[in-house]
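Student: My structure is in upload-v3.pdb, and what it holds is PDB, C-alpha atoms, pLDDT in the B column:
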MODEL        1
ATOM      1  CA  MET P   1     -26.323  -9.822  10.016  1.00 81.00           C
ATOM      2  CA  TYR P   2     -22.850  -8.681   8.890  1.00 94.00           C
ATOM      3  CA  GLU P   3     -23.493  -8.612   5.134  1.00 95.00           C
ATOM      4  CA  LYS P   4     -22.584  -4.930   4.790  1.00 96.00           C
ATOM      5  CA  SER P   5     -19.352  -5.374   6.739  1.00 97.00           C
ATOM      6  CA  ILE P   6     -18.370  -8.419   4.681  1.00 98.00           C
ATOM      7  CA  GLU P   7     -19.029  -6.452   1.492  1.00 97.00           C
ATOM      8  CA  LEU P   8     -16.841  -3.560   2.711  1.00 98.00           C
ATOM      9  CA  LEU P   9     -14.111  -5.932   3.857  1.00 98.00           C
ATOM     10  CA  ASN P  10     -14.047  -7.689   0.478  1.00 98.00           C
ATOM     11  CA  ARG P  11     -13.782  -4.322  -1.279  1.00 98.00           C
ATOM     12  CA  ALA P  12     -10.899  -3.524   1.057  1.00 98.00           C
ATOM     13  CA  ILE P  13      -9.117  -6.800   0.374  1.00 98.00           C
ATOM     14  CA  ALA P  14      -9.444  -6.212  -3.387  1.00 98.00           C
ATOM     15  CA  ASP P  15      -7.740  -2.839  -2.935  1.00 98.00           C
ATOM     16  CA  GLU P  16      -4.982  -4.325  -0.766  1.00 98.00           C
ATOM     17  CA  LEU P  17      -4.300  -7.164  -3.204  1.00 98.00           C
ATOM     18  CA  ALA P  18      -4.057  -4.718  -6.112  1.00 98.00           C
ATOM     19  CA  ALA P  19      -1.706  -2.483  -4.103  1.00 98.00           C
ATOM     20  CA  ILE P  20       0.507  -5.483  -3.320  1.00 98.00           C
ATOM     21  CA  HIS P  21       0.831  -6.274  -7.029  1.00 98.00           C
ATOM     22  CA  GLN P  22       1.477  -2.628  -7.913  1.00 98.00           C
ATOM     23  CA  TYR P  23       4.116  -2.128  -5.233  1.00 98.00           C
ATOM     24  CA  MET P  24       5.901  -5.353  -6.102  1.00 98.00           C
ATOM     25  CA  TYR P  25       5.991  -4.283  -9.760  1.00 98.00           C
ATOM     26  CA  PHE P  26       7.517  -0.971  -8.642  1.00 98.00           C
ATOM     27  CA  HIS P  27       9.985  -2.888  -6.466  1.00 98.00           C
ATOM     28  CA  PHE P  28      11.129  -5.028  -9.422  1.00 98.00           C
ATOM     29  CA  ARG P  29      11.524  -2.009 -11.722  1.00 97.00           C
ATOM     30  CA  LEU P  30      13.352   0.136  -9.163  1.00 96.00           C
ATOM     31  CA  ASP P  31      15.663  -2.725  -8.251  1.00 94.00           C
ATOM     32  CA  ASP P  32      16.455  -3.212 -11.938  1.00 94.00           C
ATOM     33  CA  LEU P  33      17.285   0.501 -12.201  1.00 92.00           C
ATOM     34  CA  GLY P  34      19.701   0.127  -9.285  1.00 91.00           C
ATOM     35  CA  TYR P  35      17.627   2.188  -6.836  1.00 93.00           C
ATOM     36  CA  VAL P  36      17.895  -0.447  -4.124  1.00 92.00           C
ATOM     37  CA  PRO P  37      16.821   1.601  -1.057  1.00 93.00           C
ATOM     38  CA  LEU P  38      13.733   2.906  -2.860  1.00 95.00           C
ATOM     39  CA  ALA P  39      13.029  -0.574  -4.255  1.00 95.00           C
ATOM     40  CA  ASN P  40      13.233  -1.996  -0.742  1.00 96.00           C
ATOM     41  CA  LEU P  41      10.794   0.625   0.554  1.00 97.00           C
ATOM     42  CA  LEU P  42       8.238  -0.523  -2.033  1.00 98.00           C
ATOM     43  CA  LYS P  43       8.907  -4.179  -1.207  1.00 98.00           C
ATOM     44  CA  MET P  44       8.438  -3.587   2.526  1.00 98.00           C
ATOM     45  CA  THR P  45       5.255  -1.624   1.858  1.00 98.00           C
ATOM     46  CA  ALA P  46       3.933  -4.514  -0.243  1.00 98.00           C
ATOM     47  CA  ILE P  47       4.639  -6.874   2.648  1.00 98.00           C
ATOM     48  CA  GLN P  48       2.790  -4.552   5.026  1.00 98.00           C
ATOM     49  CA  GLU P  49      -0.130  -4.511   2.592  1.00 98.00           C
ATOM     50  CA  MET P  50      -0.071  -8.327   2.636  1.00 98.00           C
ATOM     51  CA  LEU P  51      -0.446  -8.182   6.392  1.00 98.00           C
ATOM     52  CA  HIS P  52      -3.407  -5.816   5.935  1.00 98.00           C
ATOM     53  CA  ALA P  53      -5.000  -8.297   3.536  1.00 98.00           C
ATOM     54  CA  GLU P  54      -4.470 -11.071   6.063  1.00 98.00           C
ATOM     55  CA  ARG P  55      -6.133  -9.090   8.862  1.00 98.00           C
ATOM     56  CA  ILE P  56      -9.052  -8.219   6.589  1.00 98.00           C
ATOM     57  CA  ALA P  57      -9.453 -11.859   5.509  1.00 98.00           C
ATOM     58  CA  GLU P  58      -9.408 -12.997   9.127  1.00 98.00           C
ATOM     59  CA  ARG P  59     -12.194 -10.520   9.917  1.00 98.00           C
ATOM     60  CA  ILE P  60     -14.265 -11.706   6.951  1.00 98.00           C
ATOM     61  CA  LEU P  61     -13.942 -15.312   8.084  1.00 98.00           C
ATOM     62  CA  PHE P  62     -14.743 -14.372  11.685  1.00 98.00           C
ATOM     63  CA  LEU P  63     -17.962 -12.739  10.454  1.00 97.00           C
ATOM     64  CA  GLY P  64     -18.855 -15.904   8.520  1.00 97.00           C
ATOM     65  CA  GLY P  65     -18.173 -14.501   5.066  1.00 97.00           C
ATOM     66  CA  GLU P  66     -16.284 -15.715   2.036  1.00 98.00           C
ATOM     67  CA  VAL P  67     -12.966 -14.065   1.169  1.00 98.00           C
ATOM     68  CA  GLU P  68     -13.039 -12.854  -2.424  1.00 96.00           C
ATOM     69  CA  MET P  69      -9.627 -12.640  -4.064  1.00 94.00           C
ATOM     70  CA  GLU P  70     -10.347 -10.110  -6.809  1.00 94.00           C
ATOM     71  CA  LEU P  71      -8.024  -7.217  -7.663  1.00 95.00           C
ATOM     72  CA  ALA P  72      -9.514  -3.720  -7.503  1.00 95.00           C
ATOM     73  CA  PHE P  73      -7.369  -2.456 -10.405  1.00 95.00           C
ATOM     74  CA  PRO P  74      -4.696  -3.725 -12.805  1.00 96.00           C
ATOM     75  CA  VAL P  75      -0.983  -3.062 -12.376  1.00 97.00           C
ATOM     76  CA  GLU P  76       0.190   0.095 -14.118  1.00 97.00           C
ATOM     77  CA  LYS P  77       3.463  -0.231 -16.010  1.00 98.00           C
ATOM     78  CA  ILE P  78       5.323   2.863 -14.808  1.00 98.00           C
ATOM     79  CA  HIS P  79       9.091   3.080 -15.333  1.00 96.00           C
ATOM     80  CA  GLU P  80      10.185   6.408 -13.755  1.00 95.00           C
ATOM     81  CA  ALA P  81      10.815   6.597 -10.013  1.00 95.00           C
ATOM     82  CA  GLU P  82       9.038   9.949  -9.603  1.00 95.00           C
ATOM     83  CA  ALA P  83       5.932   8.702 -11.401  1.00 96.00           C
ATOM     84  CA  MET P  84       5.957   5.515  -9.298  1.00 97.00           C
ATOM     85  CA  LEU P  85       5.997   7.570  -6.093  1.00 97.00           C
ATOM     86  CA  ALA P  86       3.209   9.794  -7.409  1.00 97.00           C
ATOM     87  CA  ARG P  87       1.082   6.718  -8.147  1.00 98.00           C
ATOM     88  CA  ALA P  88       1.923   5.181  -4.763  1.00 98.00           C
ATOM     89  CA  ARG P  89       0.832   8.385  -3.013  1.00 98.00           C
ATOM     90  CA  GLU P  90      -2.427   8.347  -4.996  1.00 98.00           C
ATOM     91  CA  LEU P  91      -3.059   4.749  -3.963  1.00 98.00           C
ATOM     92  CA  GLU P  92      -2.442   5.546  -0.312  1.00 98.00           C
ATOM     93  CA  GLN P  93      -4.650   8.660  -0.413  1.00 98.00           C
ATOM     94  CA  GLY P  94      -7.406   6.569  -1.964  1.00 98.00           C
ATOM     95  CA  ALA P  95      -7.017   3.878   0.685  1.00 98.00           C
ATOM     96  CA  ILE P  96      -7.115   6.457   3.483  1.00 98.00           C
ATOM     97  CA  ALA P  97     -10.338   7.981   2.143  1.00 98.00           C
ATOM     98  CA  MET P  98     -11.851   4.546   1.521  1.00 98.00           C
ATOM     99  CA  TYR P  99     -11.050   3.213   4.991  1.00 98.00           C
ATOM    100  CA  ASN P 100     -12.330   6.372   6.674  1.00 98.00           C
ATOM    101  CA  GLY P 101     -15.622   5.957   4.812  1.00 98.00           C
ATOM    102  CA  PHE P 102     -15.765   2.236   5.512  1.00 98.00           C
ATOM    103  CA  ALA P 103     -15.172   2.872   9.235  1.00 98.00           C
ATOM    104  CA  MET P 104     -18.210   5.148   9.315  1.00 98.00           C
ATOM    105  CA  GLU P 105     -20.321   2.625   7.396  1.00 97.00           C
ATOM    106  CA  ALA P 106     -19.267  -0.187   9.752  1.00 97.00           C
ATOM    107  CA  ALA P 107     -20.193   1.985  12.740  1.00 96.00           C
ATOM    108  CA  GLN P 108     -23.617   2.636  11.220  1.00 96.00           C
ATOM    109  CA  ALA P 109     -24.025  -1.117  10.800  1.00 95.00           C
ATOM    110  CA  ALA P 110     -23.240  -1.545  14.537  1.00 95.00           C
ATOM    111  CA  ASP P 111     -20.006  -3.465  13.810  1.00 97.00           C
ATOM    112  CA  SER P 112     -17.428  -1.859  16.054  1.00 96.00           C
ATOM    113  CA  GLY P 113     -14.841  -4.601  15.434  1.00 97.00           C
ATOM    114  CA  THR P 114     -14.767  -3.896  11.706  1.00 98.00           C
ATOM    115  CA  ARG P 115     -14.874  -0.134  12.358  1.00 98.00           C
ATOM    116  CA  LYS P 116     -11.808  -0.458  14.584  1.00 98.00           C
ATOM    117  CA  LEU P 117      -9.941  -2.490  11.955  1.00 98.00           C
ATOM    118  CA  PHE P 118     -10.632   0.160   9.311  1.00 98.00           C
ATOM    119  CA  GLU P 119      -9.478   2.919  11.656  1.00 98.00           C
ATOM    120  CA  GLU P 120      -6.232   1.055  12.345  1.00 98.00           C
ATOM    121  CA  LEU P 121      -5.696   0.634   8.607  1.00 98.00           C
ATOM    122  CA  VAL P 122      -6.184   4.388   8.084  1.00 98.00           C
ATOM    123  CA  ALA P 123      -3.279   5.119  10.427  1.00 98.00           C
ATOM    124  CA  GLU P 124      -1.029   2.560   8.730  1.00 98.00           C
ATOM    125  CA  GLU P 125      -1.855   3.829   5.232  1.00 98.00           C
ATOM    126  CA  GLU P 126      -1.103   7.375   6.403  1.00 98.00           C
ATOM    127  CA  GLY P 127       2.335   6.110   7.411  1.00 97.00           C
ATOM    128  CA  HIS P 128       2.879   4.668   3.926  1.00 98.00           C
ATOM    129  CA  TRP P 129       1.758   7.925   2.329  1.00 98.00           C
ATOM    130  CA  ASP P 130       4.212   9.846   4.521  1.00 97.00           C
ATOM    131  CA  GLN P 131       7.119   7.602   3.478  1.00 97.00           C
ATOM    132  CA  PHE P 132       6.298   8.034  -0.213  1.00 97.00           C
ATOM    133  CA  GLU P 133       5.849  11.779   0.216  1.00 97.00           C
ATOM    134  CA  ARG P 134       9.246  12.044   1.920  1.00 96.00           C
ATOM    135  CA  GLN P 135      10.942  10.169  -0.939  1.00 96.00           C
ATOM    136  CA  ALA P 136       9.205  12.332  -3.541  1.00 95.00           C
ATOM    137  CA  ASP P 137      10.334  15.428  -1.643  1.00 95.00           C
ATOM    138  CA  PHE P 138      13.937  14.194  -1.667  1.00 93.00           C
ATOM    139  CA  ILE P 139      13.787  13.674  -5.428  1.00 93.00           C
ATOM    140  CA  ALA P 140      12.240  17.132  -5.906  1.00 92.00           C
ATOM    141  CA  ARG P 141      14.936  18.748  -3.732  1.00 92.00           C
ATOM    142  CA  PHE P 142      17.975  16.805  -4.891  1.00 90.00           C
ATOM    143  CA  GLY P 143      16.903  15.591  -8.342  1.00 86.00           C
ATOM    144  CA  GLU P 144      18.740  12.875 -10.172  1.00 81.00           C
ATOM    145  CA  ARG P 145      21.620  13.130  -7.681  1.00 85.00           C
ATOM    146  CA  TYR P 146      19.404  11.550  -5.018  1.00 88.00           C
ATOM    147  CA  LEU P 147      18.521   8.618  -7.274  1.00 84.00           C
ATOM    148  CA  ALA P 148      22.132   8.263  -8.426  1.00 82.00           C
ATOM    149  CA  LEU P 149      23.305   7.965  -4.824  1.00 84.00           C
ATOM    150  CA  GLN P 150      20.822   5.151  -4.313  1.00 80.00           C
ATOM    151  CA  SER P 151      22.428   3.176  -7.122  1.00 76.00           C
ATOM    152  CA  PHE P 152      25.762   3.265  -5.263  1.00 73.00           C
ATOM    153  CA  GLN P 153      24.117   2.077  -2.042  1.00 65.00           C
ATOM    154  CA  GLY P 154      22.983  -1.063  -3.806  1.00 54.00           C
ATOM    155  CA  GLU P 155      26.390  -1.980  -5.200  1.00 50.00           C
ATOM    156  CA  PRO P 156      28.289  -4.901  -3.630  1.00 47.00           C
ATOM    157  CA  GLY P 157      30.959  -3.540  -1.322  1.00 45.00           C
ATOM    158  CA  ALA P 158      29.334  -0.085  -1.139  1.00 43.00           C
ATOM    159  CA  GLU P 159      29.432  -0.275   2.672  1.00 45.00           C
ATOM    160  CA  GLU P 160      33.236  -0.475   2.707  1.00 41.00           C
TER     161      GLU P 160
ENDMDL
END
Any chance you could give the structure as structure tokens?
Tutor:
Amino acid sequence: MYEKSIELLNRAIADELAAIHQYMYFHFRLDDLGYVPLANLLKMTAIQEMLHAERIAERILFLGGEVEMELAFPVEKIHEAEAMLARARELEQGAIAMYNGFAMEAAQAADSGTRKLFEELVAEEEGHWDQFERQADFIARFGERYLALQSFQGEPGAEE
């Protein structure tokens, strides 16, 4: 009865799992570059994506489906902060479009619970996109100075 919803939910979990891997890779690279605040933003976003995956998995199990743990795409090895933010914005835009479409498909399948979940995820992904857009705007406005200041914020004793 819920085959279509389970299919959509498993596609969604594949996207979330891939985003988690991508954002954690970005976190590791940014932290290594000394951009601690930006690295922490990517880490926190990855954790939020983990919570999305958990909610999706719970819905799949509630509907009697099997949770597939496939990744939708491989991790891209990007080393520049600006390019990482551009890729993160692309991922969020894709997720927003996907979840909007999935919400409509779930509604057509008369599954309002899954529709509601997808709609909630749209709002949360829009929040992620906004955070990444704001950081990209800061880099565009302030250039390397903005990133350099982040390296000082991560230094031990920088609060003193």
Student: Out of P:Glu90, P:Glu125, P:Leu30, P:Lys4, which residue has the shortest atom-to-atom distance to Glu16 (chain P) when counting only C-alpha atoms?
Tutor: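 Comparing P:Glu90, P:Glu125, P:Leu30, P:Lys4 against Glu16 (chain P), the winner is P:Glu125.
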Student: Report the residues retrieved by the PyMOL selection byres ((chain P and resi 89) around 9) from the displayed file, expressed as a VMD selection string.
Tutor: chain P and resid 84 to 88 90 to 94 128 to 130 132 to 133
Student: Which one of P:Glu70, P:Glu82, P:Asp137, P:Asp31 sits closest to Ala12 (chain P) if you count all atoms listed in the file?
Tutor: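 So, comparing all the options, the nearest one is P:Glu70.
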Student: On this file, the PyMOL selection byres ((chain P and resi 103) around 9) gives some set of residues; write that set as a compact mmCIF listing (two decimals) with C-alpha atoms, keeping the file's coordinate frame.
Tutor:
# COMPACT_ATOMS: atom_id res chain seq x y z
CA MET P 98 -11.85 4.55 1.52
CA TYR P 99 -11.05 3.21 4.99
CA ASN P 100 -12.33 6.37 6.67
CA GLY P 101 -15.62 5.96 4.81
CA PHE P 102 -15.76 2.24 5.51
CA MET P 104 -18.21 5.15 9.32
CA GLU P 105 -20.32 2.62 7.40
CA ALA P 106 -19.27 -0.19 9.75
CA ALA P 107 -20.19 1.98 12.74
CA GLN P 108 -23.62 2.64 11.22
CA SER P 112 -17.43 -1.86 16.05
CA THR P 114 -14.77 -3.90 11.71
CA ARG P 115 -14.87 -0.13 12.36
CA LYS P 116 -11.81 -0.46 14.58
CA LEU P 117 -9.94 -2.49 11.96
CA PHE P 118 -10.63 0.16 9.31
CA GLU P 119 -9.48 2.92 11.66
Student: Going by the chain IDs and residue numbers used in this file, which residues fall under the PyMOL selection byres ((chain P and resi 24-26) around 8)? Write them as a VMD selection string.
Tutor: chain P and resid 20 to 23 27 to 30 39 42 to 43 46 75 77 to 79 84
Student: Can I get the selection written as a PDB file, keeping the file's coordinate frame, with C-alpha atoms?
Tutor:
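Result file follows (result-v1.pdb):
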ATOM      1  CA  ILE P  20       0.507  -5.483  -3.320  1.00 98.00           C
ATOM      2  CA  HIS P  21       0.831  -6.274  -7.029  1.00 98.00           C
ATOM      3  CA  GLN P  22       1.477  -2.628  -7.913  1.00 98.00           C
ATOM      4  CA  TYR P  23       4.116  -2.128  -5.233  1.00 98.00           C
ATOM      5  CA  HIS P  27       9.985  -2.888  -6.466  1.00 98.00           C
ATOM      6  CA  PHE P  28      11.129  -5.028  -9.422  1.00 98.00           C
ATOM      7  CA  ARG P  29      11.524  -2.009 -11.722  1.00 97.00           C
ATOM      8  CA  LEU P  30      13.352   0.136  -9.163  1.00 96.00           C
ATOM      9  CA  ALA P  39      13.029  -0.574  -4.255  1.00 95.00           C
ATOM     10  CA  LEU P  42       8.238  -0.523  -2.033  1.00 98.00           C
ATOM     11  CA  LYS P  43       8.907  -4.179  -1.207  1.00 98.00           C
ATOM     12  CA  ALA P  46       3.933  -4.514  -0.243  1.00 98.00           C
ATOM     13  CA  VAL P  75      -0.983  -3.062 -12.376  1.00 97.00           C
ATOM     14  CA  LYS P  77       3.463  -0.231 -16.010  1.00 98.00           C
ATOM     15  CA  ILE P  78       5.323   2.863 -14.808  1.00 98.00           C
ATOM     16  CA  HIS P  79       9.091   3.080 -15.333  1.00 96.00           C
ATOM     17  CA  MET P  84       5.957   5.515  -9.298  1.00 97.00           C
TER      18      MET P  84
END
Student: Region 64-81 of chain P, all listed atoms, 8 Å padding on each side: what axis-aligned box centre and edge lengths in Å to one decimal come out, as JSON?
Tutor:
{"center_x": -4.0, "center_y": -4.7, "center_z": -3.7, "size_x": 45.7, "size_y": 38.5, "size_z": 40.5}
Student: Using all atoms listed in the file, which residue out of P:Met1, P:Ile139, P:Leu17, P:Leu41 lies closest to Glu80 (chain P)?
Tutor: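 Using all atoms listed in the file, the shortest distance to Glu80 (chain P) belongs to P:Ile139.
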Student: For the atom pair CA of Pro74 (chain P) and CA of Arg134 (chain P), what is the interatomic distance in Å to one decimal place?
Tutor: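 Computing the Euclidean distance for CA of Pro74 (chain P) and CA of Arg134 (chain P) yields 25.7 Å.
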Student: Which is closest to Leu147 (chain P) among P:Glu126, P:Val67, P:Glu54, P:Ala81, if we use only C-alpha atoms?
Tutor: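 Result for the nearest residue to Leu147 (chain P): P:Ala81.
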Student: What gap, in Å, lies between CA of Leu63 (chain P) and CA of Ala109 (chain P)?
Tutor: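 Pair CA of Leu63 (chain P) / CA of Ala109 (chain P) returns 13.1 Å.
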Student: Which one is closest to Ala140 (chain P): P:Ala110, P:Leu33, P:Ala83, P:Ala14? Count all atoms listed in the file.
Tutor: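 For Ala140 (chain P), the nearest of the candidates is P:Ala83.
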Student: Could you model N, CA and C atoms for region 106-140 of chain P and present them as a short mmCIF file (atom, residue, chain, number, x, y, z; two decimals), in the frame of the given file?
Tutor:
data_model
loop_
_atom_site.label_atom_id
_atom_site.label_comp_id
_atom_site.auth_asym_id
_atom_site.auth_seq_id
_atom_site.Cartn_x
_atom_site.Cartn_y
_atom_site.Cartn_z
N ALA P 106 -19.27 0.93 8.80
CA ALA P 106 -19.27 -0.19 9.75
C ALA P 106 -19.89 0.25 11.08
N ALA P 107 -19.60 1.47 11.50
CA ALA P 107 -20.19 1.98 12.74
C ALA P 107 -21.70 2.09 12.60
N GLN P 108 -22.18 2.55 11.45
CA GLN P 108 -23.62 2.64 11.22
C GLN P 108 -24.28 1.27 11.21
N ALA P 109 -23.50 0.25 10.82
CA ALA P 109 -24.02 -1.12 10.80
C ALA P 109 -23.84 -1.81 12.16
N ALA P 110 -23.44 -1.04 13.17
CA ALA P 110 -23.24 -1.54 14.54
C ALA P 110 -22.20 -2.66 14.58
N ASP P 111 -21.11 -2.50 13.82
CA ASP P 111 -20.01 -3.46 13.81
C ASP P 111 -18.73 -2.74 14.24
N SER P 112 -18.57 -2.62 15.55
CA SER P 112 -17.43 -1.86 16.05
C SER P 112 -16.09 -2.56 15.82
N GLY P 113 -16.08 -3.88 15.72
CA GLY P 113 -14.84 -4.60 15.43
C GLY P 113 -14.30 -4.26 14.06
N THR P 114 -15.18 -4.25 13.07
CA THR P 114 -14.77 -3.90 11.71
C THR P 114 -14.41 -2.42 11.64
N ARG P 115 -15.17 -1.58 12.32
CA ARG P 115 -14.87 -0.13 12.36
C ARG P 115 -13.46 0.08 12.89
N LYS P 116 -13.12 -0.60 13.97
CA LYS P 116 -11.81 -0.46 14.58
C LYS P 116 -10.71 -0.91 13.62
N LEU P 117 -10.92 -2.01 12.93
CA LEU P 117 -9.94 -2.49 11.96
C LEU P 117 -9.70 -1.43 10.88
N PHE P 118 -10.78 -0.86 10.35
CA PHE P 118 -10.63 0.16 9.31
C PHE P 118 -9.89 1.38 9.84
N GLU P 119 -10.16 1.76 11.07
CA GLU P 119 -9.48 2.92 11.66
C GLU P 119 -7.98 2.64 11.83
N GLU P 120 -7.64 1.43 12.23
CA GLU P 120 -6.23 1.06 12.34
C GLU P 120 -5.55 1.09 10.98
N LEU P 121 -6.26 0.63 9.95
CA LEU P 121 -5.70 0.63 8.61
C LEU P 121 -5.47 2.06 8.10
N VAL P 122 -6.37 2.98 8.47
CA VAL P 122 -6.18 4.39 8.08
C VAL P 122 -4.83 4.88 8.58
N ALA P 123 -4.54 4.65 9.84
CA ALA P 123 -3.28 5.12 10.43
C ALA P 123 -2.07 4.50 9.72
N GLU P 124 -2.15 3.23 9.39
CA GLU P 124 -1.03 2.56 8.73
C GLU P 124 -0.85 3.07 7.30
N GLU P 125 -1.95 3.30 6.60
CA GLU P 125 -1.86 3.83 5.23
C GLU P 125 -1.33 5.26 5.24
N GLU P 126 -1.66 6.03 6.27
CA GLU P 126 -1.10 7.38 6.40
C GLU P 126 0.41 7.31 6.56
N GLY P 127 0.89 6.30 7.28
CA GLY P 127 2.34 6.11 7.41
C GLY P 127 3.00 5.80 6.08
N HIS P 128 2.35 4.97 5.26
CA HIS P 128 2.88 4.67 3.93
C HIS P 128 2.92 5.94 3.08
N TRP P 129 1.81 6.69 3.11
CA TRP P 129 1.76 7.92 2.33
C TRP P 129 2.91 8.85 2.73
N ASP P 130 3.16 8.97 4.03
CA ASP P 130 4.21 9.85 4.52
C ASP P 130 5.58 9.40 4.01
N GLN P 131 5.83 8.10 3.99
CA GLN P 131 7.12 7.60 3.48
C GLN P 131 7.28 7.94 2.00
N PHE P 132 6.22 7.74 1.22
CA PHE P 132 6.30 8.03 -0.21
C PHE P 132 6.44 9.53 -0.45
N GLU P 133 5.75 10.33 0.33
CA GLU P 133 5.85 11.78 0.22
C GLU P 133 7.27 12.24 0.52
N ARG P 134 7.87 11.68 1.55
CA ARG P 134 9.25 12.04 1.92
C ARG P 134 10.21 11.72 0.78
N GLN P 135 10.06 10.54 0.17
CA GLN P 135 10.94 10.17 -0.94
C GLN P 135 10.74 11.10 -2.14
N ALA P 136 9.49 11.42 -2.44
CA ALA P 136 9.20 12.33 -3.54
C ALA P 136 9.80 13.71 -3.26
N ASP P 137 9.75 14.14 -2.02
CA ASP P 137 10.33 15.43 -1.64
C ASP P 137 11.85 15.40 -1.84
N PHE P 138 12.49 14.30 -1.47
CA PHE P 138 13.94 14.19 -1.67
C PHE P 138 14.29 14.29 -3.15
N ILE P 139 13.52 13.62 -3.99
CA ILE P 139 13.79 13.67 -5.43
C ILE P 139 13.57 15.09 -5.94
N ALA P 140 12.51 15.75 -5.47
CA ALA P 140 12.24 17.13 -5.91
C ALA P 140 13.37 18.07 -5.46
#
